[in-house]
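What's in data.cif: mmCIF, C-alpha atoms
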data_work
#
loop_
_atom_site.label_atom_id
_atom_site.label_comp_id
_atom_site.auth_asym_id
_atom_site.auth_seq_id
_atom_site.Cartn_x
_atom_site.Cartn_y
_atom_site.Cartn_z
CA MET L 1 15.88 1.08 -30.60
CA GLY L 2 18.57 3.28 -29.09
CA GLN L 3 20.84 2.24 -26.28
CA SER L 4 23.49 3.76 -24.05
CA LEU L 5 25.39 1.26 -21.99
CA ARG L 6 28.68 1.59 -20.14
CA LEU L 7 30.08 -1.33 -18.20
CA PRO L 8 33.26 -1.38 -16.09
CA ALA L 9 35.68 -4.29 -16.23
CA LYS L 10 35.31 -4.83 -12.47
CA PRO L 11 33.49 -3.15 -9.57
CA ILE L 12 35.29 -0.02 -8.40
CA ALA L 13 34.04 2.37 -5.72
CA GLY L 14 32.33 5.45 -7.05
CA LEU L 15 31.18 4.05 -10.38
CA VAL L 16 28.00 4.78 -12.26
CA THR L 17 26.47 3.04 -15.22
CA SER L 18 23.46 3.82 -17.36
CA LEU L 19 21.16 2.04 -19.77
CA VAL L 20 18.55 3.76 -21.91
CA LEU L 21 16.15 1.97 -24.24
CA LEU L 22 13.48 3.33 -26.52
CA ALA L 23 10.81 1.15 -28.06
CA PRO L 24 9.29 2.14 -31.42
CA LEU L 25 5.87 2.93 -29.95
CA ALA L 26 6.22 5.14 -26.91
CA THR L 27 3.11 6.18 -25.02
CA HIS L 28 2.74 9.21 -22.81
CA GLY L 29 0.10 10.22 -20.32
CA HIS L 30 -0.24 11.31 -16.73
CA PRO L 31 1.94 9.51 -14.20
CA VAL L 32 0.23 7.33 -11.63
CA THR L 33 1.65 7.78 -8.15
CA VAL L 34 2.05 4.53 -6.24
CA GLU L 35 3.97 4.12 -3.01
CA PRO L 36 6.93 1.74 -3.41
CA VAL L 37 6.34 -1.65 -1.86
CA ARG L 38 9.08 -3.84 -0.41
CA GLU L 39 8.78 -7.37 0.97
CA GLU L 40 8.53 -7.88 4.71
CA GLY L 41 11.88 -8.33 6.40
CA VAL L 42 13.79 -6.03 4.09
CA ASP L 43 16.29 -3.90 6.01
CA SER L 44 14.45 -0.67 6.84
CA ALA L 45 17.69 1.29 6.43
CA HIS L 46 17.76 0.29 2.78
CA VAL L 47 14.14 1.32 2.36
CA ARG L 48 14.90 4.71 3.89
CA LEU L 49 17.89 5.15 1.57
CA GLU L 50 15.78 4.25 -1.46
CA SER L 51 13.10 6.77 -0.52
CA ALA L 52 15.71 9.42 0.14
CA VAL L 53 17.38 8.83 -3.24
CA LEU L 54 14.09 9.35 -5.06
CA ASN L 55 13.37 12.47 -3.00
CA GLU L 56 16.81 13.85 -3.86
CA ILE L 57 16.31 13.16 -7.58
CA ASN L 58 12.97 14.90 -7.44
CA TYR L 59 14.53 17.91 -5.74
CA VAL L 60 16.98 18.20 -8.64
CA ARG L 61 14.15 17.88 -11.18
CA THR L 62 11.96 20.49 -9.52
CA HIS L 63 14.76 22.84 -8.38
CA PRO L 64 17.61 22.44 -10.89
CA ARG L 65 19.07 25.91 -10.35
CA GLU L 66 19.01 25.63 -6.57
CA TYR L 67 20.70 22.23 -6.75
CA ALA L 68 23.31 23.64 -9.12
CA ARG L 69 24.52 25.88 -6.29
CA ARG L 70 25.60 22.76 -4.38
CA LEU L 71 27.96 21.78 -7.16
CA GLY L 72 31.20 23.25 -8.35
CA GLY L 73 34.80 22.71 -7.41
CA ASP L 74 36.23 20.38 -10.03
CA PRO L 75 35.58 20.83 -13.77
CA ALA L 76 32.93 18.08 -13.85
CA GLY L 77 30.99 19.74 -11.02
CA ARG L 78 31.13 23.13 -12.71
CA GLU L 79 29.98 21.64 -16.00
CA ALA L 80 27.06 19.91 -14.29
CA ALA L 81 26.12 23.14 -12.50
CA ALA L 82 26.10 25.05 -15.79
CA TYR L 83 23.88 22.37 -17.35
CA LEU L 84 21.39 22.59 -14.48
CA GLU L 85 21.34 26.38 -14.51
CA ALA L 86 19.94 26.28 -18.04
CA LEU L 87 17.12 23.84 -17.25
CA PRO L 88 13.51 24.67 -16.43
CA PRO L 89 11.92 22.79 -13.53
CA GLU L 90 10.41 19.41 -14.42
CA ALA L 91 7.68 17.35 -12.81
CA PRO L 92 8.87 15.00 -10.07
CA LEU L 93 9.15 11.30 -10.77
CA ALA L 94 6.18 9.38 -9.41
CA PRO L 95 7.18 6.47 -7.14
CA THR L 96 5.96 3.26 -8.74
CA ALA L 97 5.79 -0.13 -7.02
CA GLY L 98 6.72 -2.19 -10.09
CA LEU L 99 9.79 -0.11 -10.84
CA ALA L 100 10.85 -0.22 -7.19
CA ALA L 101 10.52 -4.01 -7.21
CA ALA L 102 12.54 -4.32 -10.42
CA ALA L 103 15.26 -2.04 -9.08
CA ALA L 104 15.38 -3.84 -5.71
CA GLU L 105 15.63 -7.21 -7.43
CA HIS L 106 18.57 -6.10 -9.54
CA ALA L 107 20.35 -4.35 -6.67
CA ALA L 108 20.13 -7.50 -4.55
CA ASP L 109 21.37 -9.61 -7.45
CA GLN L 110 24.33 -7.38 -8.22
CA GLY L 111 25.19 -6.81 -4.58
CA SER L 112 25.21 -10.48 -3.62
CA ARG L 113 27.39 -11.39 -6.61
CA GLY L 114 29.70 -8.40 -6.42
CA GLY L 115 28.59 -7.30 -9.89
CA PHE L 116 27.98 -3.97 -11.56
CA ASP L 117 26.14 -4.73 -14.76
CA HIS L 118 22.73 -4.16 -16.31
CA VAL L 119 22.39 -7.87 -17.12
CA GLY L 120 20.98 -9.96 -14.27
CA ALA L 121 22.29 -13.32 -13.10
CA ASP L 122 19.42 -14.94 -15.01
CA GLY L 123 20.35 -13.06 -18.19
CA SER L 124 17.49 -10.58 -17.80
CA SER L 125 17.64 -7.05 -19.20
CA ALA L 126 16.33 -3.97 -17.43
CA GLY L 127 13.22 -3.98 -19.61
CA GLU L 128 12.52 -7.64 -18.89
CA ARG L 129 12.78 -7.07 -15.17
CA MET L 130 10.42 -4.10 -15.36
CA ARG L 131 7.89 -6.08 -17.40
CA ARG L 132 7.86 -9.03 -15.03
CA HIS L 133 6.98 -6.58 -12.28
CA GLY L 134 4.10 -5.20 -14.32
CA VAL L 135 5.67 -2.11 -15.89
CA TRP L 136 5.41 -1.71 -19.66
CA SER L 137 6.79 1.45 -21.23
CA GLY L 138 7.98 2.66 -24.60
CA ILE L 139 10.83 4.64 -23.05
CA PHE L 140 12.77 3.62 -19.96
CA ALA L 141 16.20 3.92 -18.40
CA GLU L 142 18.23 2.24 -15.71
CA GLU L 143 20.92 4.01 -13.68
CA MET L 144 23.35 2.32 -11.29
CA SER L 145 25.56 3.80 -8.59
CA LEU L 146 28.28 2.00 -6.63
CA GLY L 147 30.19 3.04 -3.56
CA GLN L 148 27.78 5.67 -2.17
CA THR L 149 25.94 5.20 1.12
CA SER L 150 23.86 8.39 1.25
CA ALA L 151 21.13 9.72 -1.02
CA GLU L 152 23.12 12.90 -1.52
CA GLY L 153 26.16 10.90 -2.60
CA VAL L 154 24.22 8.67 -5.00
CA VAL L 155 22.49 11.55 -6.74
CA ARG L 156 25.51 13.83 -6.84
CA GLN L 157 27.54 11.02 -8.42
CA LEU L 158 24.95 10.62 -11.17
CA ILE L 159 24.37 14.34 -11.72
CA VAL L 160 28.06 15.32 -11.85
CA ASP L 161 28.61 12.26 -14.06
CA SER L 162 32.38 12.55 -13.95
CA GLY L 163 34.04 10.65 -16.77
CA ASP L 164 31.10 10.91 -19.18
CA PRO L 165 31.33 14.09 -21.28
CA ALA L 166 27.84 13.41 -22.65
CA GLY L 167 26.33 13.47 -19.15
CA ARG L 168 24.01 10.58 -19.94
CA HIS L 169 23.16 9.77 -16.33
CA ARG L 170 21.92 13.24 -15.44
CA ARG L 171 20.13 13.51 -18.79
CA ASP L 172 18.22 10.33 -17.96
CA LEU L 173 17.32 11.48 -14.45
CA LEU L 174 16.12 14.86 -15.75
CA ASP L 175 14.44 13.67 -18.95
CA PRO L 176 10.91 15.18 -19.09
CA LEU L 177 9.61 12.12 -20.96
CA LEU L 178 10.47 9.88 -18.00
CA ARG L 179 7.82 10.38 -15.34
CA ARG L 180 7.89 7.48 -12.86
CA ALA L 181 10.65 5.68 -11.00
CA GLY L 182 11.67 3.11 -8.42
CA VAL L 183 14.89 2.76 -6.45
CA GLY L 184 16.53 -0.34 -5.03
CA CYS L 185 19.69 -0.42 -2.87
CA ALA L 186 21.60 -3.34 -1.40
CA PRO L 187 24.95 -4.08 0.26
CA HIS L 188 27.66 -4.90 -2.28
CA LYS L 189 29.89 -7.92 -1.83
CA LEU L 190 33.02 -6.07 -2.99
CA ASP L 191 32.11 -2.52 -1.99
CA THR L 192 29.70 -0.69 0.30
CA MET L 193 26.36 -0.19 -1.45
CA VAL L 194 24.89 -0.52 -4.92
CA CYS L 195 21.78 1.46 -5.90
CA VAL L 196 19.65 0.89 -8.99
CA ILE L 197 17.21 3.49 -10.30
CA ASP L 198 14.64 2.30 -12.84
CA ILE L 199 12.79 5.08 -14.67
CA ALA L 200 10.00 4.91 -17.25
CA ALA L 201 7.68 7.09 -19.24
CA ALA L 202 4.15 7.61 -17.96
CA PRO L 203 1.63 4.86 -18.64
CA PRO L 204 -0.98 5.44 -21.32
CA PRO L 205 -4.01 7.45 -20.20
CA SER L 206 -6.98 5.46 -18.94
CA SER L 207 -9.66 4.90 -21.55
#
Starting from the coordinates I provided, produce the structure as structure tokens.
Amino acid sequence: MGQSLRLPAKPIAGLVTSLVLLAPLATHGHPVTVEPVREEGVDSAHVRLESAVLNEINYVRTHPREYARRLGGDPAGREAAAYLEALPPEAPLAPTAGLAAAAAEHAADQGSRGGFDHVGADGSSAGERMRRHGVWSGIFAEEMSLGQTSAEGVVRQLIVDSGDPAGRHRRDLLDPLLRRAGVGCAPHKLDTMVCVIDIAAAPPPSS
């Protein structure tokens, strides 16, 4: 099992954090597209932001060179642009209800508590939250963004990945083995908005 986890000491605007886990037996197949489902009464603005974040990620995956032209300026932006220029297009991430529910749950938890951590208030891990919402996968990742209120801002923050020379956030978002995703966003007690992106490999093919 491999893991990449970076946690800040306290919430600070403009932070990102990433968790990647690999189980010994990963399965791969064709992604199943399911529209994300949110409970009634959820702020529609948050739902629109979540949908827009996934659309923006999928634009980067399917048009990496075009997106690279939006970057530049500081050294981190130029490095990210060079990385994208070398990538072939990848399949878009399929929106998946279980992943959206897991991400929304964690975003609400972190936002209400003013947290910025992959561990939930109940001690749950990203994988546990995905499983209790019906998603089982051998390879999955969780990305978190704090302090961004637009889809463009959330995705740019993760793609530029300033402060992480390894670029683990953008590598997760662009990983060809990860084929489905869900996004959850919520107001943050100590900042503006926290967004959680849960990503997983495709489910096994139907027998």
Under the PyMOL selection byres ((chain L and resi 154-156) around 12), which residues of this model are included? Write them out as a PyMOL selection string. chain L and resi 13-17+49-50+52-61+67-68+70-72+76-77+80-81+143-153+157-162+169-170+173-174+183-185+193-197
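With all atoms listed in the file as the atoms that count, the residue of L:Gly182, L:Pro89, L:Pro176, L:Gly163 with the shortest distance to Met130 of chain L is L:Gly182.
Taking atom CA of Ala100 of chain L as the reference point, atom CA of Asp117 of chain L is found at 17.6 Å.
Of the listed residues L:Gly120, L:Pro88, L:Gly114, L:Pro203, the one whose atoms come nearest to Ala181 of chain L is L:Pro203, with distances taken using only C-alpha atoms.
When only C-alpha atoms are used to compute distances to Ala202 of chain L, the closest of the residues L:His63, L:Lys189, L:Arg180, L:His133 turns out to be L:Arg180.
Across the structure, atom CA of Ala141 of chain L and atom CA of Ala104 of chain L are spaced 14.9 Å apart.
Coordinates place atom CA of Pro64 of chain L at a distance of 27.9 Å from atom CA of Pro205 of chain L.
With distances restricted to all atoms listed in the file, L:Leu178 is the closest residue to Ser137 of chain L from L:Leu178, L:Leu93, L:Ala121, L:Leu84.
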Put the listed atoms of segment 187-196 of chain L in a box along x, y and z with 5 Å added on every side and give me the centre and edge lengths in Å to one decimal, as JSON.
{"center_x": 26.3, "center_y": -3.2, "center_z": -4.3, "size_x": 23.4, "size_y": 19.4, "size_z": 19.3}
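Closest approach to Ala86 of chain L from the set L:Ser44, L:Glu66, L:Glu142, L:Asp172 is made by L:Glu66, with distances taken over only C-alpha atoms.
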Using only C-alpha atoms, the shortest atom-to-atom distance to Arg65 of chain L among L:Ala94, L:Leu190, L:Val47, L:Leu87 belongs to L:Leu87
